[in-house]
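Student: Following this message is one structure expressed as structure tokens.
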Amino acid sequence: MSDQTIAFWGHHLIMAAIWLTLTLSLNLINGFCGLFSLGHQGFWAVGAYAAAATVLYLPVGSEFGAFMLSFPIAMIVAALFGLLVGLPCLRLRGDYLAIATLGFSEILRNLIQNSEKLGMSLGLSIPNVVRKSVEDRRNFYLLYLVLAWAIVALTFIVLRNLIRSSHGRAIMAIRDDDRVAELLGVNLTRYKVMVFVIGASFAGLAGALFANYNALVTPEDFSFNQGVLIVVMVVLGGMGSFSGTALATVLLYFTPVLLSLFLPSTQLPVFYDPTQGGVVYRELRELWQVFFSILLILVVLIRPQGIMGSGGWRWPWSKAQTAGARPQ
Amino acid sequence: MVDFLNYLLNGLSLGCIYALIAVGYSMVYGIIKLINFAHGEIYMFGAFVGYFVLTLVFNGVPNGPDLPVLAVFFAILCAGAGSGFAAVLIERVVYRPLRNSGRIVALLAALGVSLFLQNAGQQTVGAKDRTFPHTFTFQRYPRSEVKLAELKAGTPADGDLSIVYQRRTEDGRIRTLVENVAARGNPIAAESLTRTQKILDDSQAASLSATVYQYPAITVTNAQILIVVVLASIAASLYFLVQRTRFGRAMRAVSHDFEAASLMGIDVNRVIAITFFIGAFVAGVGGTLAGGMYYGQAGPLMGLMPGLKAFVAAVFGGIGSIPGALLGGIVLGTSEKLVEAYFSSLYSDAFTFGLLILMLIVRPSGLLGKATGEKM
């Protein structure tokens, strides 16, 4: 394989892992606990900026030490923000919770954009520690691939074990009917905050990975539209289904990549605009974003319950009980 | 005190713009409990309809001469109608099939439509913001003409920053306008400096012999008056429509109990479609009037922030309530301008969303909304 091919697919496989970490962790909040959050990009941003700031500002001595520290620090800072968001949002549910979490992430973005230490709207550029220490570019991608997918595996194992434990039962009981859950002795406050803290910390981990890999974080990377994409992946996968979330994330991440790669480069008339000198032509390949959003709407229309429905994928021989959401 | 009143006036016009968008959010939510996230893009769509009508039909160009009043109103009406039909189409194709699929799914579809409109806009009209055709010259009122020398003695001192710029009018006269601008912000967005004005330094201005307008401390522009008048007339007609007509009664019935209303022989689909049309009509008017004529620009992403802010306004006033949306918009716009003036223009977004969260926690039903009794 040529270096270019490795760089291309390596990059996309690493980014897909970052998105998987985000969607799996949002699935805990949205899918399993039924707290519809639109603010996951905020936790992602907090993690990314915390990691970037650690690498840049923390006097550890060695750059590699700062790099290693940036991951746990990002998780802890994001978890703190999860607590900060989770506590005031306890009283809210449904649409209102979605709006409040969206509000929080917009506040965060506004604060980051105006913080000089965090690079204002230009963003923070940090030393790419791994890139500097490996000579071969191939090994750089290989190392990050292993790291990224190890993080996905860690996220998956932690969340799956959580969901399969008694805590998981409590979390899903809250989603199904929080009053009944409360009557049965589930501590709503504790579990809701816990879900936010755990979800946020893994989003923070994804942020640390993104910051270190990309070596540049800007507020635009964590815009509202990015958050929408995370939510779309979770909901289209089927809320409360690991396999559905994973499948939807991979599909939705790679659809644009493949669209931009394989759409033929033909000129297409898209619009008639005399101010631009008559008929406007665009390359078919440039239109992938439009096709992507149409595809999104179509999937919602054709399978409103998500690609996997709510049950998730089950092996024919598996006896594990379904962890999926009840249809509303 | 004088500054305060000026900020208040600027805030009022910004608030009216938010209110124009918020009405649509509130009406749609009131009737089918859908947060129509594509509404900000409907506002953008309206701005572009207005842009093309003004450019193609009336040959309007940036920096051009004033257009006839009729053209301005025709463009605004076209923008409203265009947005209205677009929204009805979206409702028919996307939202109606999902009406029984749950609120989260419908919310997602709305986000998808919003993405689609942004992307399609970027591919068709181009990603760059366009300068809106010049429609009418903004005037500040009240005003008086004085000699340049008199003016130089006092005025620039009482603002934070003075901008002196000249405008060549059609009869070839040069006018030097002096404007006091508060630090950092753009309180006089109406006087968009992107047009023909050129910023001169003091010595250049002094060398000009020109008629100068000097304004008293408190001024309003004709654009601001127009926005307030348009909003007030829309509010009055909406009140009449909802409270005094048969259709309004049907609307209230559908909003109160969807199924019972359809059992009573109300054509629910029609009521919902018309609700979408009205909400989008108002947003389209806002797009051309405020986004285009007032701020002087139109771009495919222009609906994003005003859309979100207007949504906050709708929640703040009590989502589902039309008077609430109007009040919420005005309160939000005014307080945002006051925060920009007295605290920092950088943190106005954080302030707005902070206000939203506070409201959601303290009183989720909003200023004028009915408390549902249920925990939100």
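A note on labels: chains of the structure tokens are A, B, ... as shown, every chain counts residues from 1, and ligands are counted from 1 in their shown order.
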Quick one: which chain B residues come within 9 Å of chain A, and what is the nearest atom pair for each with the distance in Å to one decimal, counting only C-alpha atoms, rows ordered by chain and ascending number, as CSV?
Tutor:
residue,atom,partner,partner_atom,distance
B:Leu34,CA,A:Asp95,CA,8.9
B:Ile35,CA,A:Asp95,CA,7.8
B:Phe52,CA,A:Asp273,CA,8.7
B:Thr55,CA,A:Thr275,CA,8.1
B:Leu56,CA,A:Pro274,CA,7.8
B:Val94,CA,A:Leu301,CA,7.1
B:Tyr95,CA,A:Leu301,CA,8.8
B:Pro97,CA,A:Leu301,CA,7.2
B:Leu98,CA,A:Leu301,CA,6.8
B:Ser101,CA,A:Pro304,CA,6.6
B:Gly102,CA,A:Gln328,CA,6.6
B:Arg103,CA,A:Asp95,CA,8.2
B:Ile104,CA,A:Asp95,CA,7.9
B:Val105,CA,A:Pro304,CA,6.2
B:Ala106,CA,A:Val300,CA,8.4
B:Leu107,CA,A:Asp95,CA,8.8
B:Leu108,CA,A:Val232,CA,6.7
B:Ala109,CA,A:Ile297,CA,5.8
B:Ala110,CA,A:Ile297,CA,8.6
B:Leu111,CA,A:Val228,CA,7.2
B:Gly112,CA,A:Ile297,CA,5.6
B:Val113,CA,A:Ile297,CA,6.9
B:Ser114,CA,A:Ser293,CA,8.8
B:Leu115,CA,A:Ser293,CA,6.1
B:Phe116,CA,A:Ser293,CA,5.0
B:Leu117,CA,A:Val290,CA,8.4
B:Gln118,CA,A:Val290,CA,8.7
B:Asn119,CA,A:Val290,CA,5.4
B:Ala120,CA,A:Val290,CA,5.7
B:Gln123,CA,A:Leu287,CA,7.0
B:Thr124,CA,A:Phe271,CA,5.6
B:Val125,CA,A:Asp273,CA,7.8
B:Val312,CA,A:Ile99,CA,8.4
B:Val315,CA,A:Tyr96,CA,8.9
B:Leu346,CA,A:Asn114,CA,6.8
B:Tyr347,CA,A:Asn110,CA,6.7
B:Ser348,CA,A:Asn110,CA,8.5
B:Asp349,CA,A:Asn110,CA,6.4
B:Ala350,CA,A:Ile107,CA,4.4
B:Phe351,CA,A:Ile107,CA,7.8
B:Thr352,CA,A:Ile107,CA,8.5
B:Phe353,CA,A:Gly103,CA,4.9
B:Gly354,CA,A:Gly103,CA,7.1
B:Leu356,CA,A:Gly103,CA,7.1
B:Ile357,CA,A:Ala100,CA,5.5
B:Leu358,CA,A:Pro88,CA,9.0
B:Leu360,CA,A:Tyr96,CA,7.2
B:Ile361,CA,A:Pro88,CA,7.0
B:Pro364,CA,A:Tyr96,CA,7.7
B:Lys375,CA,A:Arg91,CA,7.0
B:Met376,CA,A:Leu92,CA,5.0
Student: Could you give me, as a PDB file with N, CA and C atoms, in the first residue's frame, the residues within 10 Å of segment 333-336 of chain B, counting only C-alpha atoms and dropping anything in the same chain fewer than 3 positions from it?
Tutor:
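File part.pdb, as written:
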ATOM      1  N   TYR B   7     -29.401  51.919  24.060  1.00  0.00           N
ATOM      2  CA  TYR B   7     -29.215  50.473  24.046  1.00  0.00           C
ATOM      3  C   TYR B   7     -30.569  49.775  24.037  1.00  0.00           C
ATOM      4  N   LEU B   8     -31.472  50.345  24.822  1.00  0.00           N
ATOM      5  CA  LEU B   8     -32.803  49.758  24.920  1.00  0.00           C
ATOM      6  C   LEU B   8     -33.479  49.744  23.551  1.00  0.00           C
ATOM      7  N   LEU B   9     -33.347  50.862  22.812  1.00  0.00           N
ATOM      8  CA  LEU B   9     -33.965  50.941  21.485  1.00  0.00           C
ATOM      9  C   LEU B   9     -33.336  49.935  20.525  1.00  0.00           C
ATOM     10  N   ASN B  10     -31.992  49.845  20.558  1.00  0.00           N
ATOM     11  CA  ASN B  10     -31.329  48.858  19.710  1.00  0.00           C
ATOM     12  C   ASN B  10     -31.756  47.454  20.081  1.00  0.00           C
ATOM     13  N   GLY B  11     -31.843  47.221  21.389  1.00  0.00           N
ATOM     14  CA  GLY B  11     -32.258  45.905  21.855  1.00  0.00           C
ATOM     15  C   GLY B  11     -33.665  45.581  21.421  1.00  0.00           C
ATOM     16  N   LEU B  12     -34.506  46.587  21.424  1.00  0.00           N
ATOM     17  CA  LEU B  12     -35.900  46.376  21.024  1.00  0.00           C
ATOM     18  C   LEU B  12     -35.976  45.890  19.584  1.00  0.00           C
ATOM     19  N   SER B  13     -35.183  46.507  18.695  1.00  0.00           N
ATOM     20  CA  SER B  13     -35.279  46.059  17.304  1.00  0.00           C
ATOM     21  C   SER B  13     -34.685  44.674  17.127  1.00  0.00           C
ATOM     22  N   LEU B  14     -33.597  44.384  17.845  1.00  0.00           N
ATOM     23  CA  LEU B  14     -33.058  43.029  17.790  1.00  0.00           C
ATOM     24  C   LEU B  14     -34.091  42.037  18.330  1.00  0.00           C
ATOM     25  N   GLY B  15     -34.742  42.447  19.421  1.00  0.00           N
ATOM     26  CA  GLY B  15     -35.761  41.590  20.027  1.00  0.00           C
ATOM     27  C   GLY B  15     -36.910  41.326  19.084  1.00  0.00           C
ATOM     28  N   CYS B  16     -37.287  42.341  18.305  1.00  0.00           N
ATOM     29  CA  CYS B  16     -38.372  42.146  17.338  1.00  0.00           C
ATOM     30  C   CYS B  16     -37.979  41.106  16.296  1.00  0.00           C
ATOM     31  N   ILE B  17     -36.698  41.100  15.910  1.00  0.00           N
ATOM     32  CA  ILE B  17     -36.240  40.109  14.936  1.00  0.00           C
ATOM     33  C   ILE B  17     -36.346  38.713  15.534  1.00  0.00           C
ATOM     34  N   TYR B  18     -35.862  38.568  16.785  1.00  0.00           N
ATOM     35  CA  TYR B  18     -35.999  37.278  17.451  1.00  0.00           C
ATOM     36  C   TYR B  18     -37.465  36.881  17.529  1.00  0.00           C
ATOM     37  N   ALA B  19     -38.309  37.855  17.853  1.00  0.00           N
ATOM     38  CA  ALA B  19     -39.735  37.555  18.017  1.00  0.00           C
ATOM     39  C   ALA B  19     -40.326  37.050  16.713  1.00  0.00           C
ATOM     40  N   LYS B 309     -31.248  31.368  18.909  1.00  0.00           N
ATOM     41  CA  LYS B 309     -31.600  32.412  19.873  1.00  0.00           C
ATOM     42  C   LYS B 309     -33.122  32.595  19.932  1.00  0.00           C
ATOM     43  N   ALA B 310     -33.740  32.555  18.753  1.00  0.00           N
ATOM     44  CA  ALA B 310     -35.188  32.725  18.730  1.00  0.00           C
ATOM     45  C   ALA B 310     -35.860  31.560  19.437  1.00  0.00           C
ATOM     46  N   ALA B 313     -35.759  32.269  22.879  1.00  0.00           N
ATOM     47  CA  ALA B 313     -36.787  33.270  23.182  1.00  0.00           C
ATOM     48  C   ALA B 313     -38.153  32.616  23.327  1.00  0.00           C
ATOM     49  N   LEU B 327     -43.055  38.271  23.568  1.00  0.00           N
ATOM     50  CA  LEU B 327     -42.457  38.841  24.774  1.00  0.00           C
ATOM     51  C   LEU B 327     -41.051  38.301  24.981  1.00  0.00           C
ATOM     52  N   GLY B 328     -40.912  36.972  24.811  1.00  0.00           N
ATOM     53  CA  GLY B 328     -39.602  36.345  24.993  1.00  0.00           C
ATOM     54  C   GLY B 328     -38.572  36.938  24.058  1.00  0.00           C
ATOM     55  N   GLY B 329     -38.959  37.128  22.795  1.00  0.00           N
ATOM     56  CA  GLY B 329     -38.025  37.690  21.824  1.00  0.00           C
ATOM     57  C   GLY B 329     -37.576  39.072  22.231  1.00  0.00           C
ATOM     58  N   ILE B 330     -38.524  39.895  22.639  1.00  0.00           N
ATOM     59  CA  ILE B 330     -38.182  41.275  22.977  1.00  0.00           C
ATOM     60  C   ILE B 330     -37.328  41.334  24.241  1.00  0.00           C
ATOM     61  N   VAL B 339     -26.464  43.568  27.971  1.00  0.00           N
ATOM     62  CA  VAL B 339     -25.275  42.838  28.412  1.00  0.00           C
ATOM     63  C   VAL B 339     -24.073  43.231  27.563  1.00  0.00           C
ATOM     64  N   GLU B 340     -24.315  43.337  26.240  1.00  0.00           N
ATOM     65  CA  GLU B 340     -23.218  43.731  25.357  1.00  0.00           C
ATOM     66  C   GLU B 340     -22.688  45.109  25.740  1.00  0.00           C
ATOM     67  N   ALA B 341     -23.615  46.000  26.091  1.00  0.00           N
ATOM     68  CA  ALA B 341     -23.210  47.370  26.366  1.00  0.00           C
ATOM     69  C   ALA B 341     -22.517  47.500  27.710  1.00  0.00           C
ATOM     70  N   PHE B 343     -21.632  44.845  29.948  1.00  0.00           N
ATOM     71  CA  PHE B 343     -20.761  43.805  30.465  1.00  0.00           C
ATOM     72  C   PHE B 343     -19.712  43.454  29.424  1.00  0.00           C
ATOM     73  N   SER B 344     -20.102  42.722  28.425  1.00  0.00           N
ATOM     74  CA  SER B 344     -19.141  42.359  27.392  1.00  0.00           C
ATOM     75  C   SER B 344     -19.892  41.846  26.183  1.00  0.00           C
ATOM     76  N   SER B 345     -19.483  42.305  25.020  1.00  0.00           N
ATOM     77  CA  SER B 345     -20.173  41.860  23.820  1.00  0.00           C
ATOM     78  C   SER B 345     -19.754  40.441  23.453  1.00  0.00           C
ATOM     79  N   TYR B 347     -19.577  37.843  25.485  1.00  0.00           N
ATOM     80  CA  TYR B 347     -20.241  36.769  26.201  1.00  0.00           C
ATOM     81  C   TYR B 347     -21.753  36.793  26.068  1.00  0.00           C
ATOM     82  N   SER B 348     -22.254  37.463  25.030  1.00  0.00           N
ATOM     83  CA  SER B 348     -23.708  37.570  24.948  1.00  0.00           C
ATOM     84  C   SER B 348     -24.347  36.211  24.662  1.00  0.00           C
ATOM     85  N   ASP B 349     -23.662  35.343  23.910  1.00  0.00           N
ATOM     86  CA  ASP B 349     -24.217  34.006  23.674  1.00  0.00           C
ATOM     87  C   ASP B 349     -24.316  33.223  24.970  1.00  0.00           C
ATOM     88  N   PHE B 351     -24.537  34.406  27.875  1.00  0.00           N
ATOM     89  CA  PHE B 351     -25.605  34.995  28.674  1.00  0.00           C
ATOM     90  C   PHE B 351     -26.962  34.463  28.239  1.00  0.00           C
ATOM     91  N   THR B 352     -27.197  34.462  26.911  1.00  0.00           N
ATOM     92  CA  THR B 352     -28.497  34.021  26.399  1.00  0.00           C
ATOM     93  C   THR B 352     -28.803  32.591  26.825  1.00  0.00           C
ATOM     94  N   LEU B 355     -29.398  32.217  30.504  1.00  0.00           N
ATOM     95  CA  LEU B 355     -30.754  32.646  30.829  1.00  0.00           C
ATOM     96  C   LEU B 355     -31.744  31.520  30.550  1.00  0.00           C
TER      97      LEU B 355
END
Student: For Ala223 of chain B, which residue out of B:Phe45, B:Phe276, B:Tyr239, B:Tyr294 is the nearest one, using only C-alpha atoms?
Tutor: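 For Ala223 of chain B, the nearest of the candidates is B:Tyr294.
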Student: Write out as number ranges by chain all residues of segment 54-257 of chain A that backbone DSSP assigns to alpha helix (DSSP H).
Tutor: A: 54-57, 63-86, 94-113, 129-133, 137-164, 166-176, 178-183, 188-214, 224-237, 242-257
Student: Please report the interatomic distance between atom CA of Val193 of chain A and atom CA of Ala16 of chain A in Å with one decimal.
Tutor: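 Distance between the two atoms: 27.7 Å.
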Student: Would you list, as a ChimeraX atom specification, the residues of segment 132-300 of chain A that end up in strand (DSSP E or B) under DSSP run on this structure's backbone?
Tutor: /A:216-217,267-273,278-283
Student: My list of candidates is A:Leu22, A:Ala50, A:Leu13, A:Leu284. Which is closest to Lys117 of chain A when distances are computed with only C-alpha atoms?
Tutor: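 Going through A:Leu22, A:Ala50, A:Leu13, A:Leu284 one by one, the smallest distance to Lys117 of chain A is for A:Ala50.
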Student: Env of segment 120-133 of chain A: 8 Å cut, atoms = only C-alpha atoms, seq-sep filter 3 positions within chain, self excluded. Answer as a CSV table (one decimal) with C-alpha atoms, in the first residue's frame.
Tutor:
chain,number,residue,atom,x,y,z
A,49,TYR,CA,-9.3,21.3,25.3
A,52,ALA,CA,-4.5,20.2,24.7
A,55,VAL,CA,0.2,19.0,26.8
A,56,LEU,CA,0.8,22.7,26.4
A,63,GLU,CA,6.4,15.9,26.6
A,64,PHE,CA,5.6,12.2,26.6
A,67,PHE,CA,0.8,13.3,26.6
A,112,ILE,CA,-13.8,28.7,24.9
A,113,GLN,CA,-14.0,31.1,22.0
A,114,ASN,CA,-13.2,34.0,24.2
A,115,SER,CA,-10.5,32.5,26.3
A,116,GLU,CA,-7.0,33.7,25.3
A,117,LYS,CA,-5.4,30.7,27.0
A,137,ARG,CA,4.7,8.0,9.1
A,140,PHE,CA,2.4,7.0,13.5
A,212,ASN,CA,-3.5,14.6,20.5
A,213,TYR,CA,-4.0,13.0,17.2
A,214,ASN,CA,-5.1,16.1,15.3
A,215,ALA,CA,-2.6,18.4,17.2
A,216,LEU,CA,-5.1,21.2,16.7
A,217,VAL,CA,-8.4,21.9,18.4
A,218,THR,CA,-10.7,24.7,17.3
A,219,PRO,CA,-14.2,25.6,18.6
A,220,GLU,CA,-15.5,24.8,15.1
Student: Within 12 Å of Ala273 of chain B, counting only C-alpha atoms, which residues qualify if same-chain residues fewer than 2 places away don't, as number ranges by chain?
Tutor: B: 27-28, 31-32, 84-93, 95-96, 251, 267-271, 275-280
Student: Please indicate the distance in Å from atom CA of His12 of chain A to atom CA of Ala48 of chain A, rounded to one decimal place.
Tutor: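 If I compute the distance from atom CA of His12 of chain A to atom CA of Ala48 of chain A, I get 18.3 Å.
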Student: Could you jot down the atom CA of Ser201 of chain A to atom CA of Asp221 of chain A separation for me, Å, one decimal place?
Tutor: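 Here the two named atoms are 18.2 Å from each other.
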Student: Report as a VMD selection string all protein, DNA and RNA residues lying within 12 Å of segment 155-163 of chain A, evaluated on only C-alpha atoms, omitting residues in the same chain fewer than 2 positions from it.
Tutor: chain A and resid 17 to 29 31 to 33 75 148 to 153 165 to 173 191 194 to 195 198 to 206 240 to 243 245 to 246 321 to 324
